[in-house]
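Text of protein04.txt, listed as compact mmCIF, C-alpha atoms and all ligand atoms:
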```txt
# COMPACT_ATOMS: atom_id res chain seq x y z
CA MET A 29 -17.40 -5.63 23.95
CA SER A 30 -19.44 -8.14 21.96
CA GLU A 31 -20.06 -7.50 18.29
CA THR A 32 -23.71 -6.75 18.92
CA GLN A 33 -23.10 -4.17 21.64
CA GLN A 34 -23.44 -0.60 20.48
CA VAL A 35 -21.71 2.41 21.94
CA LYS A 36 -24.70 4.59 22.91
CA PRO A 37 -24.72 8.27 22.08
CA ALA A 38 -23.85 10.56 25.00
CA GLY A 39 -26.63 12.47 26.63
CA SER A 40 -29.51 10.14 27.41
CA ALA A 41 -28.03 7.02 28.95
CA GLN A 42 -24.57 6.08 30.22
CA PRO A 43 -22.46 5.13 27.15
CA THR A 44 -20.86 1.70 26.91
CA LEU A 45 -17.12 1.68 27.48
CA ALA A 46 -15.25 0.58 24.35
CA PRO A 47 -12.12 -1.56 24.83
CA ARG A 48 -8.85 0.30 25.35
CA GLY A 49 -7.35 1.29 22.01
CA LEU A 50 -10.77 0.67 20.39
CA GLU A 51 -9.57 -2.82 19.50
CA GLY A 52 -12.27 -4.76 17.67
CA VAL A 53 -14.57 -1.72 17.44
CA ALA A 54 -15.69 -0.65 13.97
CA VAL A 55 -16.21 3.11 13.90
CA ALA A 56 -17.09 3.62 10.23
CA GLU A 57 -18.04 1.94 7.00
CA THR A 58 -15.56 2.39 4.18
CA LEU A 59 -15.28 1.57 0.51
CA ILE A 60 -11.52 2.19 0.47
CA GLY A 61 -10.06 -1.08 1.68
CA ASP A 62 -9.60 -3.62 4.43
CA VAL A 63 -7.05 -5.83 6.18
CA ARG A 64 -7.72 -9.54 6.81
CA GLY A 65 -5.03 -10.54 9.26
CA GLU A 66 -5.79 -14.25 9.52
CA GLU A 67 -5.63 -14.63 5.74
CA GLY A 68 -2.55 -12.44 5.30
CA PHE A 69 -4.47 -10.25 2.86
CA TYR A 70 -5.27 -6.58 2.43
CA HIS A 71 -6.89 -4.75 -0.41
CA TYR A 72 -7.58 -1.39 -1.98
CA ARG A 73 -11.15 -1.08 -3.23
CA GLY A 74 -11.37 -4.86 -3.48
CA TYR A 75 -8.10 -5.39 -5.38
CA ASP A 76 -5.27 -7.28 -3.69
CA ALA A 77 -2.88 -4.44 -2.76
CA THR A 78 0.26 -6.45 -3.44
CA GLU A 79 -1.05 -7.46 -6.87
CA LEU A 80 -1.63 -3.79 -7.60
CA ALA A 81 1.96 -3.07 -6.55
CA ARG A 82 3.24 -5.80 -8.87
CA HIS A 83 1.26 -4.70 -11.92
CA CYS A 84 0.36 -1.02 -11.65
CA SER A 85 2.00 2.39 -11.50
CA PHE A 86 1.81 4.69 -8.48
CA GLU A 87 -0.51 6.99 -10.43
CA GLN A 88 -2.92 4.17 -11.36
CA VAL A 89 -3.30 3.06 -7.76
CA TRP A 90 -3.51 6.67 -6.57
CA TYR A 91 -6.46 7.16 -8.97
CA LEU A 92 -8.05 3.92 -7.75
CA LEU A 93 -7.89 4.91 -4.09
CA LEU A 94 -8.99 8.49 -4.59
CA ILE A 95 -11.67 8.06 -7.24
CA GLY A 96 -12.79 4.48 -6.62
CA GLU A 97 -12.01 2.68 -9.91
CA LEU A 98 -8.86 1.87 -11.86
CA PRO A 99 -8.29 4.53 -14.53
CA GLY A 100 -8.51 4.06 -18.26
CA PRO A 101 -5.90 5.84 -20.43
CA ARG A 102 -7.86 9.12 -20.47
CA GLU A 103 -8.43 9.18 -16.71
CA LEU A 104 -4.79 8.32 -16.12
CA ARG A 105 -3.65 11.15 -18.37
CA TRP A 106 -5.90 13.51 -16.39
CA LEU A 107 -4.38 12.38 -13.09
CA GLN A 108 -0.83 12.62 -14.44
CA ASP A 109 -1.49 16.20 -15.58
CA GLN A 110 -2.93 17.11 -12.17
CA ALA A 111 0.00 15.42 -10.46
CA VAL A 112 2.62 17.33 -12.44
CA ALA A 113 0.81 20.66 -12.01
CA GLY A 114 0.45 19.97 -8.29
CA ARG A 115 4.22 19.72 -7.80
CA SER A 116 4.76 23.48 -7.96
CA LEU A 117 5.59 25.13 -4.64
CA PRO A 118 2.86 27.49 -3.40
CA SER A 119 4.06 31.03 -3.82
CA GLY A 120 5.73 32.54 -0.79
CA VAL A 121 6.77 29.30 0.96
CA ALA A 122 10.27 28.67 -0.43
CA SER A 123 12.24 30.87 1.95
CA THR A 124 10.25 29.71 4.99
CA LEU A 125 10.84 26.09 3.99
CA ASP A 126 14.55 26.79 3.85
CA GLU A 127 14.42 28.30 7.33
CA ILE A 128 12.56 25.24 8.64
CA ALA A 129 15.30 23.06 7.12
CA ARG A 130 17.89 24.94 9.18
CA LEU A 131 16.07 24.83 12.53
CA PRO A 132 18.21 23.33 15.30
CA GLY A 133 15.68 20.61 16.19
CA TYR A 134 15.19 19.57 12.56
CA THR A 135 13.85 16.12 11.85
CA PRO A 136 12.59 15.29 8.34
CA LEU A 137 9.15 14.23 9.54
CA GLY A 138 8.69 17.15 11.94
CA ALA A 139 9.78 19.54 9.20
CA LEU A 140 7.42 17.89 6.70
CA ARG A 141 4.52 18.23 9.15
CA THR A 142 5.28 21.94 9.50
CA ALA A 143 5.71 22.36 5.74
CA VAL A 144 2.35 20.72 5.01
CA SER A 145 0.65 23.08 7.44
CA LEU A 146 2.51 26.07 5.97
CA SER A 147 1.57 25.09 2.42
CA ALA A 148 -2.08 24.61 3.32
CA THR A 149 -2.12 28.17 4.61
CA ALA A 150 -0.29 29.50 1.54
CA LEU A 151 -2.75 27.67 -0.71
CA ASN A 152 -5.64 29.03 1.34
CA LEU A 153 -7.22 25.59 1.65
CA GLN A 154 -10.80 26.04 2.77
CA PRO A 155 -12.82 24.09 5.35
CA THR A 156 -14.03 20.90 3.67
CA LEU A 157 -17.49 21.68 5.02
CA ASP A 158 -17.69 24.58 2.55
CA LEU A 159 -16.35 22.70 -0.48
CA THR A 160 -17.95 20.67 -3.25
CA PRO A 161 -16.74 17.05 -3.69
CA ASP A 162 -14.73 18.15 -6.75
CA GLN A 163 -13.01 20.86 -4.73
CA VAL A 164 -12.13 18.42 -1.94
CA ARG A 165 -10.67 16.05 -4.54
CA ALA A 166 -8.68 18.91 -6.08
CA ASP A 167 -7.15 19.72 -2.68
CA ALA A 168 -6.39 16.01 -2.22
CA LEU A 169 -4.55 15.76 -5.53
CA ARG A 170 -2.61 18.95 -4.87
CA MET A 171 -1.41 17.82 -1.44
CA VAL A 172 -0.38 14.32 -2.57
CA ALA A 173 1.58 15.81 -5.48
CA LEU A 174 3.19 18.50 -3.33
CA THR A 175 4.24 16.45 -0.29
CA PRO A 176 7.39 14.81 -1.76
CA VAL A 177 8.46 18.15 -3.25
CA LEU A 178 8.32 19.72 0.22
CA LEU A 179 10.15 16.79 1.79
CA MET A 180 12.99 16.72 -0.74
CA ARG A 181 13.54 20.46 -0.63
CA LEU A 182 13.74 20.36 3.18
CA HIS A 183 16.10 17.39 3.04
CA ARG A 184 18.51 18.91 0.55
CA VAL A 185 18.57 22.36 2.13
CA HIS A 186 19.15 20.74 5.53
CA GLN A 187 22.18 19.04 4.02
CA GLY A 188 23.47 22.30 2.58
CA LEU A 189 22.56 21.30 -0.99
CA GLU A 190 20.64 23.21 -3.63
CA PRO A 191 17.02 22.05 -3.97
CA VAL A 192 16.19 20.13 -7.16
CA ASP A 193 12.99 20.83 -9.06
CA PRO A 194 11.00 17.75 -10.08
CA ASP A 195 11.48 16.54 -13.63
CA HIS A 196 8.02 16.69 -15.15
CA ASP A 197 8.75 13.84 -17.52
CA LEU A 198 9.08 11.48 -14.57
CA GLY A 199 6.33 9.74 -12.67
CA TYR A 200 5.90 10.07 -8.90
CA ALA A 201 8.42 7.43 -7.83
CA ALA A 202 11.20 8.31 -10.29
CA ALA A 203 10.77 12.03 -9.56
CA TYR A 204 10.99 11.22 -5.84
CA LEU A 205 14.50 9.84 -6.29
CA GLN A 206 15.46 12.50 -8.85
CA MET A 207 14.57 15.27 -6.36
CA LEU A 208 16.67 13.44 -3.76
CA THR A 209 19.85 13.08 -5.81
CA GLY A 210 19.51 15.54 -8.68
CA GLU A 211 19.85 12.71 -11.18
CA ARG A 212 17.40 10.51 -13.03
CA PRO A 213 17.33 7.20 -11.17
CA GLU A 214 17.95 3.76 -12.63
CA SER A 215 14.60 2.34 -13.67
CA VAL A 216 15.06 -0.72 -11.42
CA ALA A 217 15.47 1.55 -8.37
CA ALA A 218 12.51 3.74 -9.31
CA ARG A 219 10.31 0.68 -9.86
CA ALA A 220 11.40 -0.87 -6.54
CA LEU A 221 10.52 2.34 -4.71
CA GLU A 222 7.23 2.56 -6.62
CA LYS A 223 6.25 -0.91 -5.38
CA TYR A 224 7.11 0.06 -1.81
CA LEU A 225 5.06 3.27 -2.13
CA ILE A 226 2.03 1.44 -3.52
CA THR A 227 2.28 -1.21 -0.81
CA THR A 228 2.13 1.41 1.95
CA MET A 229 -0.52 3.78 0.55
CA ASP A 230 -3.21 2.45 2.83
CA HIS A 231 -3.74 -0.21 5.45
CA GLY A 232 -7.19 -0.33 6.97
CA PHE A 233 -8.42 2.07 9.62
CA ASN A 234 -5.01 2.76 11.16
CA SER A 235 -4.33 5.48 13.76
CA SER A 236 -3.24 8.23 11.37
CA THR A 237 -6.14 7.58 9.00
CA PHE A 238 -8.51 7.72 11.94
CA THR A 239 -6.87 10.99 13.03
CA ALA A 240 -7.39 12.47 9.57
CA ARG A 241 -11.03 11.40 9.66
CA VAL A 242 -11.65 12.88 13.11
CA ILE A 243 -10.22 16.24 12.04
CA THR A 244 -12.16 16.17 8.78
CA SER A 245 -15.36 15.33 10.62
CA THR A 246 -15.24 18.80 12.19
CA GLY A 247 -15.40 20.27 8.68
CA SER A 248 -11.80 21.44 8.92
CA ASP A 249 -9.52 21.85 5.90
CA MET A 250 -7.37 19.20 4.22
CA GLY A 251 -4.15 20.78 5.54
CA SER A 252 -5.26 20.42 9.16
CA ALA A 253 -6.25 16.79 8.62
CA LEU A 254 -2.93 15.93 6.95
CA THR A 255 -0.89 17.77 9.58
CA GLY A 256 -2.66 15.77 12.30
CA ALA A 257 -2.20 12.54 10.39
CA ILE A 258 1.56 13.11 10.06
CA GLY A 259 1.66 13.83 13.78
CA ALA A 260 -0.02 10.47 14.47
CA LEU A 261 2.35 8.68 12.11
CA ALA A 262 5.36 10.20 13.89
CA GLY A 263 4.78 8.04 16.95
CA PRO A 264 7.07 5.00 17.22
CA LEU A 265 4.06 2.74 17.76
CA HIS A 266 2.74 3.62 14.31
CA GLY A 267 5.27 4.69 11.70
CA GLY A 268 8.11 6.03 13.73
CA ALA A 269 10.62 3.21 13.70
CA PRO A 270 11.11 1.45 10.35
CA SER A 271 14.88 1.82 10.58
CA ARG A 272 15.07 -0.43 13.62
CA ALA A 273 15.20 -3.63 11.57
CA LEU A 274 18.24 -2.28 9.71
CA ASP A 275 19.80 -1.30 13.04
CA MET A 276 19.36 -4.93 14.07
CA LEU A 277 21.14 -6.12 10.91
CA ASP A 278 23.99 -3.73 11.74
CA ALA A 279 24.16 -5.02 15.30
CA ILE A 280 24.45 -8.60 14.01
CA GLY A 281 27.17 -7.58 11.57
CA THR A 282 28.07 -10.90 9.92
CA PRO A 283 26.05 -14.05 9.05
CA ASP A 284 27.94 -16.26 11.50
CA ARG A 285 26.82 -14.06 14.41
CA ALA A 286 23.10 -14.17 13.57
CA GLU A 287 22.09 -17.26 15.52
CA GLU A 288 23.82 -16.27 18.74
CA HIS A 289 22.71 -12.63 18.60
CA LEU A 290 19.07 -13.46 17.90
CA ARG A 291 18.92 -16.14 20.59
CA ASP A 292 20.46 -13.80 23.14
CA GLU A 293 17.94 -11.10 22.26
CA VAL A 294 14.90 -13.34 22.61
CA LEU A 295 16.20 -15.08 25.75
CA GLY A 296 16.93 -11.63 27.20
CA GLY A 297 13.27 -10.65 26.69
CA GLN A 298 13.94 -8.38 23.68
CA ARG A 299 11.78 -8.31 20.58
CA LEU A 300 13.29 -8.98 17.20
CA MET A 301 12.70 -5.96 15.02
CA GLY A 302 10.73 -6.70 11.87
CA PHE A 303 8.91 -9.72 13.32
CA GLY A 304 5.43 -10.16 14.76
CA HIS A 305 2.27 -8.19 14.05
CA ARG A 306 -0.91 -7.36 15.93
CA ILE A 307 -3.17 -8.25 13.01
CA TYR A 308 -1.20 -10.59 10.74
CA LYS A 309 -0.85 -14.01 12.32
CA THR A 310 0.53 -15.42 9.10
CA ASP A 311 2.88 -13.98 6.46
CA ASP A 312 2.46 -10.20 6.24
CA PRO A 313 1.67 -9.78 2.51
CA ARG A 314 3.68 -6.54 2.44
CA SER A 315 6.72 -8.39 3.69
CA VAL A 316 6.33 -11.08 1.01
CA LEU A 317 6.12 -8.41 -1.70
CA LEU A 318 9.00 -6.35 -0.34
CA HIS A 319 11.15 -9.48 -0.07
CA GLU A 320 10.53 -10.01 -3.78
CA VAL A 321 11.44 -6.38 -4.47
CA ALA A 322 14.62 -6.65 -2.40
CA ARG A 323 15.60 -9.75 -4.39
CA GLU A 324 15.07 -7.92 -7.66
CA LEU A 325 17.35 -5.16 -6.41
CA GLY A 326 19.93 -7.71 -5.23
CA GLY A 327 23.17 -6.97 -3.41
CA PRO A 328 24.98 -8.29 -0.35
CA GLN A 329 22.62 -6.69 2.17
CA VAL A 330 19.69 -8.62 0.68
CA GLU A 331 21.46 -11.97 1.03
CA PHE A 332 22.45 -11.11 4.57
CA ALA A 333 18.87 -10.04 5.41
CA GLU A 334 17.54 -13.33 4.03
CA HIS A 335 19.93 -15.26 6.21
CA VAL A 336 18.94 -13.25 9.29
CA GLU A 337 15.25 -13.67 8.48
CA ALA A 338 15.51 -17.45 8.17
CA THR A 339 17.51 -17.65 11.40
CA ALA A 340 15.10 -15.37 13.26
CA LEU A 341 12.05 -17.40 12.19
CA ARG A 342 13.76 -20.59 13.36
CA VAL A 343 14.77 -19.03 16.70
CA LEU A 344 11.30 -17.56 17.26
CA SER A 345 9.50 -20.82 16.51
CA GLU A 346 11.79 -22.60 18.97
CA LEU A 347 11.83 -20.01 21.78
CA LYS A 348 8.33 -18.55 21.30
CA PRO A 349 6.31 -21.56 20.14
CA GLY A 350 2.67 -21.01 19.26
CA ARG A 351 2.95 -17.20 19.13
CA ARG A 352 2.63 -17.13 15.34
CA LEU A 353 5.46 -14.68 14.74
CA TYR A 354 6.25 -13.93 11.10
CA THR A 355 8.28 -11.34 9.22
CA ASN A 356 6.48 -7.99 9.15
CA VAL A 357 6.55 -5.06 6.70
CA GLU A 358 9.46 -3.36 8.42
CA PHE A 359 12.05 -6.04 7.81
CA TYR A 360 12.41 -5.68 4.04
CA SER A 361 11.15 -2.07 3.86
CA GLY A 362 14.40 -0.91 5.39
CA VAL A 363 16.47 -3.04 3.01
CA VAL A 364 14.57 -1.77 -0.05
CA MET A 365 14.69 1.91 0.93
CA ASN A 366 18.36 1.68 1.86
CA THR A 367 19.24 -0.02 -1.42
CA VAL A 368 17.50 2.65 -3.53
CA GLY A 369 19.51 5.34 -1.72
CA LEU A 370 17.28 6.67 1.05
CA SER A 371 18.92 7.40 4.37
CA ARG A 372 17.33 5.96 7.51
CA ASP A 373 15.91 9.27 8.68
CA MET A 374 13.95 9.42 5.40
CA PHE A 375 12.20 6.07 5.87
CA THR A 376 9.20 7.31 7.86
CA PRO A 377 8.84 10.52 5.81
CA THR A 378 8.78 8.37 2.66
CA PHE A 379 6.06 6.28 4.27
CA ALA A 380 4.22 9.56 5.05
CA CYS A 381 4.34 10.55 1.37
CA SER A 382 2.75 7.31 0.16
CA ARG A 383 0.27 7.22 3.02
CA THR A 384 -0.91 10.72 2.01
CA VAL A 385 -2.77 8.90 -0.79
CA GLY A 386 -4.63 6.82 1.80
CA TRP A 387 -5.23 9.77 4.10
CA THR A 388 -6.62 12.02 1.37
CA SER A 389 -8.85 9.20 0.08
CA ALA A 390 -10.21 8.76 3.60
CA ILE A 391 -10.73 12.52 3.92
CA VAL A 392 -12.67 12.57 0.65
CA GLU A 393 -14.80 9.64 1.83
CA GLN A 394 -15.41 11.29 5.22
CA THR A 395 -16.61 14.53 3.63
CA ALA A 396 -18.96 12.67 1.31
CA ASN A 397 -20.97 11.30 4.23
CA ASN A 398 -19.89 13.33 7.20
CA ARG A 399 -20.99 13.20 10.79
CA LEU A 400 -18.99 14.89 13.54
CA ILE A 401 -16.93 12.24 15.36
CA ARG A 402 -17.50 13.01 18.99
CA PRO A 403 -17.28 10.03 21.36
CA SER A 404 -17.73 10.16 25.13
CA ALA A 405 -15.63 9.08 28.07
CA ILE A 406 -16.79 7.58 31.35
CA TYR A 407 -15.81 9.83 34.22
CA VAL A 408 -14.16 7.79 36.99
CA GLY A 409 -12.94 10.58 39.32
CA PRO A 410 -14.30 11.71 42.70
CA ALA A 411 -18.11 12.05 42.95
CA ALA A 412 -19.26 15.24 41.26
CA PRO A 413 -20.16 17.97 41.99
CA ARG A 414 -17.46 18.56 44.60
CA PRO A 415 -17.67 21.53 46.95
CA LEU A 416 -14.84 24.03 46.38
CA PRO A 417 -12.29 23.96 49.22
CA ASP A 418 -12.30 26.91 51.63
CA GLY A 419 -10.40 29.94 50.48
CA TYR A 420 -11.47 29.81 46.81
CA ALA A 421 -14.12 32.53 47.06
CA TYR A 422 -13.37 35.04 44.25
CA ALA A 423 -13.18 38.49 45.67
N1 LIG A 501 10.34 -10.87 18.92
C1 LIG A 501 10.27 -11.73 19.95
N2 LIG A 501 9.11 -12.03 20.57
C2 LIG A 501 8.00 -11.44 20.13
C3 LIG A 501 8.01 -10.53 19.06
C4 LIG A 501 9.25 -10.26 18.45
N3 LIG A 501 9.35 -9.40 17.41
N4 LIG A 501 6.76 -10.07 18.86
C5 LIG A 501 5.99 -10.68 19.76
N5 LIG A 501 6.74 -11.49 20.55
C6 LIG A 501 6.28 -12.35 21.62
C7 LIG A 501 6.00 -11.56 22.87
O1 LIG A 501 7.16 -11.42 23.64
C8 LIG A 501 4.94 -12.39 23.53
O2 LIG A 501 5.58 -13.48 24.14
P1 LIG A 501 5.07 -14.05 25.55
O3 LIG A 501 3.76 -14.72 25.22
O4 LIG A 501 6.14 -15.00 25.96
O5 LIG A 501 4.90 -12.89 26.47
C9 LIG A 501 4.14 -12.93 22.36
O6 LIG A 501 5.01 -12.92 21.24
C10 LIG A 501 2.92 -12.10 22.01
O7 LIG A 501 3.29 -10.73 21.99
P2 LIG A 501 2.27 -9.52 21.97
O8 LIG A 501 2.95 -8.33 22.58
O9 LIG A 501 0.96 -9.91 22.53
O10 LIG A 501 2.09 -9.30 20.45
P3 LIG A 501 1.47 -8.01 19.81
O11 LIG A 501 0.48 -8.45 18.81
O12 LIG A 501 0.99 -7.04 20.82
O13 LIG A 501 2.77 -7.38 19.15
C11 LIG A 501 4.20 -6.13 17.80
C12 LIG A 501 2.85 -6.87 17.89
C13 LIG A 501 4.14 -4.89 18.70
C14 LIG A 501 4.42 -5.70 16.37
C15 LIG A 501 5.34 -7.07 18.25
O14 LIG A 501 5.32 -8.23 17.48
C16 LIG A 501 6.71 -6.41 18.22
O15 LIG A 501 7.06 -5.70 19.17
N6 LIG A 501 7.50 -6.65 17.14
C17 LIG A 501 8.81 -6.04 17.04
C18 LIG A 501 8.74 -4.59 16.60
C19 LIG A 501 8.32 -4.43 15.15
O16 LIG A 501 8.78 -5.15 14.26
N7 LIG A 501 7.42 -3.46 14.91
C20 LIG A 501 6.88 -3.19 13.60
C21 LIG A 501 5.53 -3.81 13.41
S1 LIG A 501 4.93 -3.58 11.80
C22 LIG A 501 3.91 -2.28 11.90
O17 LIG A 501 3.31 -2.05 12.91
C23 LIG A 501 3.70 -1.37 10.74
```
For the file at hand, write its structure as structure tokens.
Ligand code: ACO
Amino acid sequence: MSETQQVKPAGSAQPTLAPRGLEGVAVAETLIGDVRGEEGFYHYRGYDATELARHCSFEQVWYLLLIGELPGPRELRWLQDQAVAGRSLPSGVASTLDEIARLPGYTPLGALRTAVSLSATALNLQPTLDLTPDQVRADALRMVALTPVLLMRLHRVHQGLEPVDPDHDLGYAAAYLQMLTGERPESVAARALEKYLITTMDHGFNSSTFTARVITSTGSDMGSALTGAIGALAGPLHGGAPSRALDMLDAIGTPDRAEEHLRDEVLGGQRLMGFGHRIYKTDDPRSVLLHEVARELGGPQVEFAEHVEATALRVLSELKPGRRLYTNVEFYSGVVMNTVGLSRDMFTPTFACSRTVGWTSAIVEQTANNRLIRPSAIYVGPAAPRPLPDGYAYA
């Protein structure tokens, strides 16, 4: 579809068919942020997202995305107070959470999705259509603050451990690790995780953000929109596979095996995990930042990952010339999360926690200027109306 073509509203004339996957179709205007793939740049409200990660706290960037401007000291204090208050479990959910954690088909992300829905019911979150902007923002703050608390309780109970209450003296990232282990984390680990979390808060009009917007456009409540968004994120094509790059490092095993392994993979038609991107045709800025973070953390896995990365880029440029394949966000995400102590099954749920900031900001924006999102499809089946076959007369 050319840029000037418009998808016509259903009803009067036949609508224009958008490309599969809506590629290249803009479906909304947003003030939240944007991704510029050719430049290797993405931003939150105009600020380079990786620069924000380097210089700001989780709470500062959370305020920026949700409210629209970077906070001054007073605004930051207000957000920090809301964030700490929002960590308390809604009354009546603790025992159900513990049962969810013991379900036979438990996965951290599936359990988190269920817990978010459960909490929204316990909190009696109302349809956004009936709320004032301040009330929608209050629900947004509450759900962002609560999500890691739900996740960590589920995780610990699933492992047969006692849940750990968040330490209210700690910010979001440090409390995230403290609820995981029961101990205050090293500041270098907390800061590394904080940078990862900021880097992944938002990324353009991705599938889960779009899902959250579609649900919100019906006037539904914040809990429904977030539950749907987590469901969209659970798919391997979106957020469901960040541990695969680490699996590849495991499969390679030692530096001397990298070249042969990577060549065999590419020549065998396999894709190297953590390389290539649909939008970034240059360095993925998230990968550059997370490489930096991994270096700050240090350790043998980082050196090994750097060796594999350099080898992979050389192999790809030789065997896949002209495809513009660079390291993507997943390659160093896995290394960073692993090094700060998160197990692989917690990678995508951690991503879900940070992305809740982006989702709730999008929900707030959607409610501020809402129109029901209701596209059409072009029917391509047998000519209608069809006569009913004999024998279908209701008696
Ligand atoms: N390893 C080897 N070859 C690759 C890779 C890769 N990682 N990625 C793309 N290619 C090759 C393809 O085989 C194709 O080669 P061909 O022209 O000989 O057929 C060419 O590059 C173009 O591939 P496309 O499929 O058109 O690229 P697309 O933009 O659709 O792919 C994707 C993007 C899905 C991320 C792909 O690069 C990939 O599968 N990477 C590995 C998995 C991965 O790291 N996923 C995480 C992405 S980050 C994120 O989404 C948050």
*asked:* 6 Å from ligand LIG 501 (chain A) is the threshold here; counting only C-alpha atoms and all ligand atoms, which polymer residues fall inside it? Answer as a ChimeraX atom specification.
replied: /A:266,294,299-306,351,356-358
Atoms kept (C-alpha atoms) for selection, written as a compact mmCIF listing (two decimals), keeping the file's coordinate frame:
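As written to disk, part-v1.txt reads:
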```txt
# COMPACT_ATOMS: atom_id res chain seq x y z
CA HIS A 266 2.74 3.62 14.31
CA VAL A 294 14.90 -13.34 22.61
CA ARG A 299 11.78 -8.31 20.58
CA LEU A 300 13.29 -8.98 17.20
CA MET A 301 12.70 -5.96 15.02
CA GLY A 302 10.73 -6.70 11.87
CA PHE A 303 8.91 -9.72 13.32
CA GLY A 304 5.43 -10.16 14.76
CA HIS A 305 2.27 -8.19 14.05
CA ARG A 306 -0.91 -7.36 15.93
CA ARG A 351 2.95 -17.20 19.13
CA ASN A 356 6.48 -7.99 9.15
CA VAL A 357 6.55 -5.06 6.70
CA GLU A 358 9.46 -3.36 8.42
```
_Calculated over all atoms listed in the file, which of the candidates A:Arg48, A:His231, A:Lys348, A:Arg73 has the smallest distance to A:Leu295?_
A:Lys348
*In terms of the shortest atom-to-atom distance over only C-alpha atoms, which of A:His335, A:Arg291, A:Arg82, A:Arg130 is closest to A:Arg181?*
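The answer is A:Arg130, which sits nearest to A:Arg181.
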*Within 12 Å of file point (-1.9, 22.5, 8.0), counting all atoms listed in the file, expressed as a ChimeraX atom specification*: /A:140-155,171,175,240,243,248-259
*Report the distance between atom CA of A:Ile391 and atom CA of A:Asp158 in Å, rounded to one decimal place.*
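Atom CA of A:Asp158 lies 14.0 Å from atom CA of A:Ile391.
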_Nearest-residue call for A:Phe375, choices A:Met207, A:Ala322, A:Ala273, A:Leu125, using only C-alpha atoms_ = A:Ala273
*What gap, in Å, lies between atom CA of A:Trp387 and atom CA of A:Ala405?*
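Atom CA of A:Ala405 lies at a distance of 26.1 Å from atom CA of A:Trp387.
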*Need the neighbours of (9.1, 12.1, -16.7): which residues are at most 12 Å away, counting all atoms listed in the file, as a PyMOL selection string?*
chain A and resi 108-109+111-112+194-206+212-213+215+218
_Test item: residues at most 8 Å from A:Leu221, only C-alpha atoms, excluding those fewer than 3 positions along its chain, as a ChimeraX atom specification_ = /A:201,217-218,224-225,364-365,368
Requested write-out: C-alpha atoms of the selected residues, as a compact mmCIF listing (two decimals), keeping the file's coordinate frame:
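Once written, out.txt looks like this:
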```
# COMPACT_ATOMS: atom_id res chain seq x y z
CA ALA A 201 8.42 7.43 -7.83
CA ALA A 217 15.47 1.55 -8.37
CA ALA A 218 12.51 3.74 -9.31
CA TYR A 224 7.11 0.06 -1.81
CA LEU A 225 5.06 3.27 -2.13
CA VAL A 364 14.57 -1.77 -0.05
CA MET A 365 14.69 1.91 0.93
CA VAL A 368 17.50 2.65 -3.53
```
_Coordinates-based distance that separates atom CA of A:Val385 from atom CA of A:Asp275 (Å, one decimal)_ = 28.4 Å
*Quick one: residues within 10 Å of A:Leu317, only C-alpha atoms counted, chain neighbours fewer than 2 positions away excluded, as a ChimeraX atom specification?*
/A:77-79,81-82,223-224,227,312-315,319-323,357,360-361
Go ahead and write the selection's residues with C-alpha atoms as an mmCIF file, in the coordinates of the input.
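File again.cif, as written:
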```cif
data_model
loop_
_atom_site.group_PDB
_atom_site.id
_atom_site.type_symbol
_atom_site.label_atom_id
_atom_site.label_comp_id
_atom_site.auth_asym_id
_atom_site.auth_seq_id
_atom_site.Cartn_x
_atom_site.Cartn_y
_atom_site.Cartn_z
ATOM 1 C CA ALA A 77 -2.880 -4.440 -2.760
ATOM 2 C CA THR A 78 0.260 -6.450 -3.440
ATOM 3 C CA GLU A 79 -1.050 -7.460 -6.870
ATOM 4 C CA ALA A 81 1.960 -3.070 -6.550
ATOM 5 C CA ARG A 82 3.240 -5.800 -8.870
ATOM 6 C CA LYS A 223 6.250 -0.910 -5.380
ATOM 7 C CA TYR A 224 7.110 0.060 -1.810
ATOM 8 C CA THR A 227 2.280 -1.210 -0.810
ATOM 9 C CA ASP A 312 2.460 -10.200 6.240
ATOM 10 C CA PRO A 313 1.670 -9.780 2.510
ATOM 11 C CA ARG A 314 3.680 -6.540 2.440
ATOM 12 C CA SER A 315 6.720 -8.390 3.690
ATOM 13 C CA HIS A 319 11.150 -9.480 -0.070
ATOM 14 C CA GLU A 320 10.530 -10.010 -3.780
ATOM 15 C CA VAL A 321 11.440 -6.380 -4.470
ATOM 16 C CA ALA A 322 14.620 -6.650 -2.400
ATOM 17 C CA ARG A 323 15.600 -9.750 -4.390
ATOM 18 C CA VAL A 357 6.550 -5.060 6.700
ATOM 19 C CA TYR A 360 12.410 -5.680 4.040
ATOM 20 C CA SER A 361 11.150 -2.070 3.860
#
```
